[in-house]
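**Student:** Structure incoming, see below.
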Amino acid sequence: KRLKVWIPICVENGLNGLMVEPDSQKRKDIKYKGEMRHGIKKPILLTSPDNINVKLVDTNLGDVIIFDDNLIHGGAINNGIKTRVSFEFTLVIPY
């Protein structure tokens, strides 16, 4: 089991940060393929973006977000005036 941990260092609420589709880790209709980038296999979404409903997560300094690796997620386009800075890592948990 893989869990992601995302920590905002410098984000502007409502203007940048982490985008997720709530509960998407439970969806069975999401299609993707793997692609090697910089020596790491990364997912490429095949499901139409019209069928994905991502939302910007409301975060504050000191928040830590832990989520399932299968949750659809990504960095939001920066609409703020500051550089968005976050720290993300993956926990691999045997089960």
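By order of appearance in the structure tokens: chains A, B, ..., then residues from 1 within every chain, and ligands from 1 in the order shown.
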Per DSSP on the backbone, what are the strand (DSSP E) residues of chain A, as a PDB file with N, CA, C and O atoms, in the first residue's frame?
**Tutor:**
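For reference, out_24.pdb as written:
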```
ATOM      1  N   ARG A   2       0.562   2.181  -0.844  1.00  0.00           N
ATOM      2  CA  ARG A   2       1.340   3.419  -0.913  1.00  0.00           C
ATOM      3  C   ARG A   2       0.462   4.588  -0.481  1.00  0.00           C
ATOM      4  O   ARG A   2      -0.652   4.735  -0.961  1.00  0.00           O
ATOM      5  N   LEU A   3       0.996   5.404   0.416  1.00  0.00           N
ATOM      6  CA  LEU A   3       0.327   6.622   0.858  1.00  0.00           C
ATOM      7  C   LEU A   3       1.195   7.820   0.492  1.00  0.00           C
ATOM      8  O   LEU A   3       2.423   7.748   0.596  1.00  0.00           O
ATOM      9  N   LYS A   4       0.574   8.890   0.086  1.00  0.00           N
ATOM     10  CA  LYS A   4       1.282  10.142  -0.208  1.00  0.00           C
ATOM     11  C   LYS A   4       1.112  11.071   0.977  1.00  0.00           C
ATOM     12  O   LYS A   4       0.050  11.119   1.609  1.00  0.00           O
ATOM     13  N   VAL A   5       2.151  11.827   1.271  1.00  0.00           N
ATOM     14  CA  VAL A   5       2.110  12.855   2.304  1.00  0.00           C
ATOM     15  C   VAL A   5       2.473  14.166   1.626  1.00  0.00           C
ATOM     16  O   VAL A   5       3.512  14.258   0.962  1.00  0.00           O
ATOM     17  N   TRP A   6       1.608  15.161   1.743  1.00  0.00           N
ATOM     18  CA  TRP A   6       1.808  16.468   1.112  1.00  0.00           C
ATOM     19  C   TRP A   6       1.763  17.542   2.192  1.00  0.00           C
ATOM     20  O   TRP A   6       0.807  17.598   2.975  1.00  0.00           O
ATOM     21  N   ILE A   7       2.809  18.353   2.225  1.00  0.00           N
ATOM     22  CA  ILE A   7       2.919  19.400   3.235  1.00  0.00           C
ATOM     23  C   ILE A   7       3.113  20.742   2.523  1.00  0.00           C
ATOM     24  O   ILE A   7       4.107  20.930   1.818  1.00  0.00           O
ATOM     25  N   PRO A   8       2.183  21.687   2.712  1.00  0.00           N
ATOM     26  CA  PRO A   8       2.367  23.004   2.114  1.00  0.00           C
ATOM     27  C   PRO A   8       3.407  23.798   2.909  1.00  0.00           C
ATOM     28  O   PRO A   8       3.338  23.867   4.129  1.00  0.00           O
ATOM     29  N   ILE A   9       4.362  24.370   2.208  1.00  0.00           N
ATOM     30  CA  ILE A   9       5.376  25.216   2.833  1.00  0.00           C
ATOM     31  C   ILE A   9       5.018  26.687   2.602  1.00  0.00           C
ATOM     32  O   ILE A   9       5.036  27.492   3.510  1.00  0.00           O
ATOM     33  N   CYS A  10       4.667  26.994   1.353  1.00  0.00           N
ATOM     34  CA  CYS A  10       4.228  28.344   1.001  1.00  0.00           C
ATOM     35  C   CYS A  10       3.135  28.229  -0.055  1.00  0.00           C
ATOM     36  O   CYS A  10       3.422  27.911  -1.210  1.00  0.00           O
ATOM     37  N   LEU A  18      -2.659  22.097  -3.708  1.00  0.00           N
ATOM     38  CA  LEU A  18      -2.913  20.725  -4.140  1.00  0.00           C
ATOM     39  C   LEU A  18      -4.335  20.577  -4.666  1.00  0.00           C
ATOM     40  O   LEU A  18      -5.290  20.989  -4.012  1.00  0.00           O
ATOM     41  N   MET A  19      -4.454  19.977  -5.849  1.00  0.00           N
ATOM     42  CA  MET A  19      -5.757  19.663  -6.449  1.00  0.00           C
ATOM     43  C   MET A  19      -6.011  18.167  -6.262  1.00  0.00           C
ATOM     44  O   MET A  19      -5.111  17.360  -6.468  1.00  0.00           O
ATOM     45  N   VAL A  20      -7.242  17.811  -5.878  1.00  0.00           N
ATOM     46  CA  VAL A  20      -7.627  16.395  -5.764  1.00  0.00           C
ATOM     47  C   VAL A  20      -9.062  16.217  -6.241  1.00  0.00           C
ATOM     48  O   VAL A  20      -9.858  17.163  -6.222  1.00  0.00           O
ATOM     49  N   TYR A  32      -5.691   4.668 -17.024  1.00  0.00           N
ATOM     50  CA  TYR A  32      -4.400   5.333 -17.186  1.00  0.00           C
ATOM     51  C   TYR A  32      -3.381   4.320 -17.681  1.00  0.00           C
ATOM     52  O   TYR A  32      -3.614   3.114 -17.692  1.00  0.00           O
ATOM     53  N   LYS A  33      -2.254   4.847 -18.129  1.00  0.00           N
ATOM     54  CA  LYS A  33      -1.136   3.997 -18.520  1.00  0.00           C
ATOM     55  C   LYS A  33       0.122   4.565 -17.868  1.00  0.00           C
ATOM     56  O   LYS A  33       0.139   5.715 -17.430  1.00  0.00           O
ATOM     57  N   GLY A  34       1.149   3.756 -17.796  1.00  0.00           N
ATOM     58  CA  GLY A  34       2.407   4.194 -17.211  1.00  0.00           C
ATOM     59  C   GLY A  34       3.366   4.691 -18.274  1.00  0.00           C
ATOM     60  O   GLY A  34       3.388   4.170 -19.388  1.00  0.00           O
ATOM     61  N   GLU A  35       4.132   5.707 -17.928  1.00  0.00           N
ATOM     62  CA  GLU A  35       5.135   6.261 -18.842  1.00  0.00           C
ATOM     63  C   GLU A  35       6.398   6.558 -18.034  1.00  0.00           C
ATOM     64  O   GLU A  35       6.311   7.137 -16.950  1.00  0.00           O
ATOM     65  N   MET A  36       7.545   6.152 -18.557  1.00  0.00           N
ATOM     66  CA  MET A  36       8.806   6.421 -17.874  1.00  0.00           C
ATOM     67  C   MET A  36       9.227   7.873 -18.108  1.00  0.00           C
ATOM     68  O   MET A  36       9.280   8.334 -19.236  1.00  0.00           O
ATOM     69  N   ARG A  37       9.445   8.592 -16.997  1.00  0.00           N
ATOM     70  CA  ARG A  37       9.957   9.966 -17.059  1.00  0.00           C
ATOM     71  C   ARG A  37      11.055  10.113 -16.016  1.00  0.00           C
ATOM     72  O   ARG A  37      10.818   9.894 -14.837  1.00  0.00           O
ATOM     73  N   ILE A  40      11.526   7.259 -13.677  1.00  0.00           N
ATOM     74  CA  ILE A  40      10.422   6.915 -12.775  1.00  0.00           C
ATOM     75  C   ILE A  40       9.165   6.686 -13.608  1.00  0.00           C
ATOM     76  O   ILE A  40       8.872   7.471 -14.507  1.00  0.00           O
ATOM     77  N   LYS A  41       8.445   5.615 -13.324  1.00  0.00           N
ATOM     78  CA  LYS A  41       7.196   5.356 -14.037  1.00  0.00           C
ATOM     79  C   LYS A  41       6.103   6.254 -13.472  1.00  0.00           C
ATOM     80  O   LYS A  41       5.803   6.208 -12.279  1.00  0.00           O
ATOM     81  N   LYS A  42       5.537   7.100 -14.324  1.00  0.00           N
ATOM     82  CA  LYS A  42       4.503   8.061 -13.928  1.00  0.00           C
ATOM     83  C   LYS A  42       3.209   7.720 -14.655  1.00  0.00           C
ATOM     84  O   LYS A  42       3.221   7.311 -15.809  1.00  0.00           O
ATOM     85  N   PRO A  43       2.054   7.923 -13.982  1.00  0.00           N
ATOM     86  CA  PRO A  43       0.780   7.629 -14.639  1.00  0.00           C
ATOM     87  C   PRO A  43       0.386   8.720 -15.635  1.00  0.00           C
ATOM     88  O   PRO A  43       0.598   9.910 -15.377  1.00  0.00           O
ATOM     89  N   ILE A  44      -0.173   8.311 -16.755  1.00  0.00           N
ATOM     90  CA  ILE A  44      -0.733   9.214 -17.753  1.00  0.00           C
ATOM     91  C   ILE A  44      -2.228   8.906 -17.812  1.00  0.00           C
ATOM     92  O   ILE A  44      -2.636   7.785 -18.129  1.00  0.00           O
ATOM     93  N   LEU A  45      -3.042   9.885 -17.489  1.00  0.00           N
ATOM     94  CA  LEU A  45      -4.489   9.706 -17.440  1.00  0.00           C
ATOM     95  C   LEU A  45      -5.058   9.519 -18.841  1.00  0.00           C
ATOM     96  O   LEU A  45      -4.799  10.310 -19.742  1.00  0.00           O
ATOM     97  N   LYS A  55     -10.703  19.506  -7.211  1.00  0.00           N
ATOM     98  CA  LYS A  55     -10.947  20.694  -6.393  1.00  0.00           C
ATOM     99  C   LYS A  55      -9.641  21.077  -5.692  1.00  0.00           C
ATOM    100  O   LYS A  55      -8.855  20.209  -5.321  1.00  0.00           O
ATOM    101  N   LEU A  56      -9.465  22.365  -5.485  1.00  0.00           N
ATOM    102  CA  LEU A  56      -8.317  22.861  -4.748  1.00  0.00           C
ATOM    103  C   LEU A  56      -8.540  22.612  -3.254  1.00  0.00           C
ATOM    104  O   LEU A  56      -9.579  22.991  -2.706  1.00  0.00           O
ATOM    105  N   ILE A  65      -1.351  16.716   4.678  1.00  0.00           N
ATOM    106  CA  ILE A  65      -2.396  15.945   4.006  1.00  0.00           C
ATOM    107  C   ILE A  65      -1.829  14.578   3.658  1.00  0.00           C
ATOM    108  O   ILE A  65      -0.790  14.483   3.001  1.00  0.00           O
ATOM    109  N   ILE A  66      -2.494  13.527   4.112  1.00  0.00           N
ATOM    110  CA  ILE A  66      -2.092  12.153   3.819  1.00  0.00           C
ATOM    111  C   ILE A  66      -3.218  11.528   3.009  1.00  0.00           C
ATOM    112  O   ILE A  66      -4.379  11.608   3.395  1.00  0.00           O
ATOM    113  N   PHE A  67      -2.858  10.951   1.853  1.00  0.00           N
ATOM    114  CA  PHE A  67      -3.897  10.398   0.993  1.00  0.00           C
ATOM    115  C   PHE A  67      -3.407   9.163   0.258  1.00  0.00           C
ATOM    116  O   PHE A  67      -2.203   8.942   0.108  1.00  0.00           O
ATOM    117  N   ASP A  68      -4.355   8.353  -0.190  1.00  0.00           N
ATOM    118  CA  ASP A  68      -4.096   7.138  -0.953  1.00  0.00           C
ATOM    119  C   ASP A  68      -3.406   7.499  -2.267  1.00  0.00           C
ATOM    120  O   ASP A  68      -3.772   8.470  -2.922  1.00  0.00           O
ATOM    121  N   HIS A  73      -4.618  13.390  -8.091  1.00  0.00           N
ATOM    122  CA  HIS A  73      -4.070  14.583  -7.454  1.00  0.00           C
ATOM    123  C   HIS A  73      -3.009  15.229  -8.338  1.00  0.00           C
ATOM    124  O   HIS A  73      -2.488  14.614  -9.254  1.00  0.00           O
ATOM    125  N   GLY A  74      -2.720  16.476  -8.040  1.00  0.00           N
ATOM    126  CA  GLY A  74      -1.669  17.193  -8.751  1.00  0.00           C
ATOM    127  C   GLY A  74      -1.582  18.620  -8.248  1.00  0.00           C
ATOM    128  O   GLY A  74      -2.456  19.108  -7.535  1.00  0.00           O
ATOM    129  N   GLY A  75      -0.517  19.265  -8.625  1.00  0.00           N
ATOM    130  CA  GLY A  75      -0.328  20.657  -8.251  1.00  0.00           C
ATOM    131  C   GLY A  75      -1.228  21.568  -9.073  1.00  0.00           C
ATOM    132  O   GLY A  75      -1.393  21.375 -10.274  1.00  0.00           O
ATOM    133  N   VAL A  85       5.369  26.405  -2.812  1.00  0.00           N
ATOM    134  CA  VAL A  85       6.374  25.467  -2.331  1.00  0.00           C
ATOM    135  C   VAL A  85       5.665  24.430  -1.469  1.00  0.00           C
ATOM    136  O   VAL A  85       4.896  24.777  -0.573  1.00  0.00           O
ATOM    137  N   SER A  86       5.909  23.161  -1.784  1.00  0.00           N
ATOM    138  CA  SER A  86       5.334  22.082  -0.985  1.00  0.00           C
ATOM    139  C   SER A  86       6.341  20.949  -0.920  1.00  0.00           C
ATOM    140  O   SER A  86       7.287  20.882  -1.701  1.00  0.00           O
ATOM    141  N   PHE A  87       6.116  20.065   0.023  1.00  0.00           N
ATOM    142  CA  PHE A  87       6.963  18.897   0.221  1.00  0.00           C
ATOM    143  C   PHE A  87       6.065  17.678   0.142  1.00  0.00           C
ATOM    144  O   PHE A  87       5.032  17.621   0.824  1.00  0.00           O
ATOM    145  N   GLU A  88       6.427  16.731  -0.714  1.00  0.00           N
ATOM    146  CA  GLU A  88       5.623  15.517  -0.862  1.00  0.00           C
ATOM    147  C   GLU A  88       6.538  14.310  -0.828  1.00  0.00           C
ATOM    148  O   GLU A  88       7.622  14.324  -1.408  1.00  0.00           O
ATOM    149  N   PHE A  89       6.084  13.276  -0.147  1.00  0.00           N
ATOM    150  CA  PHE A  89       6.817  12.019  -0.173  1.00  0.00           C
ATOM    151  C   PHE A  89       5.826  10.867  -0.112  1.00  0.00           C
ATOM    152  O   PHE A  89       4.653  11.051   0.204  1.00  0.00           O
ATOM    153  N   THR A  90       6.310   9.683  -0.431  1.00  0.00           N
ATOM    154  CA  THR A  90       5.484   8.483  -0.488  1.00  0.00           C
ATOM    155  C   THR A  90       5.910   7.511   0.601  1.00  0.00           C
ATOM    156  O   THR A  90       7.104   7.261   0.788  1.00  0.00           O
ATOM    157  N   LEU A  91       4.926   6.993   1.323  1.00  0.00           N
ATOM    158  CA  LEU A  91       5.157   5.942   2.309  1.00  0.00           C
ATOM    159  C   LEU A  91       4.725   4.609   1.704  1.00  0.00           C
ATOM    160  O   LEU A  91       3.628   4.514   1.149  1.00  0.00           O
ATOM    161  N   VAL A  92       5.566   3.621   1.781  1.00  0.00           N
ATOM    162  CA  VAL A  92       5.212   2.280   1.319  1.00  0.00           C
ATOM    163  C   VAL A  92       4.982   1.430   2.555  1.00  0.00           C
ATOM    164  O   VAL A  92       5.893   1.255   3.379  1.00  0.00           O
TER     165      VAL A  92
END
```
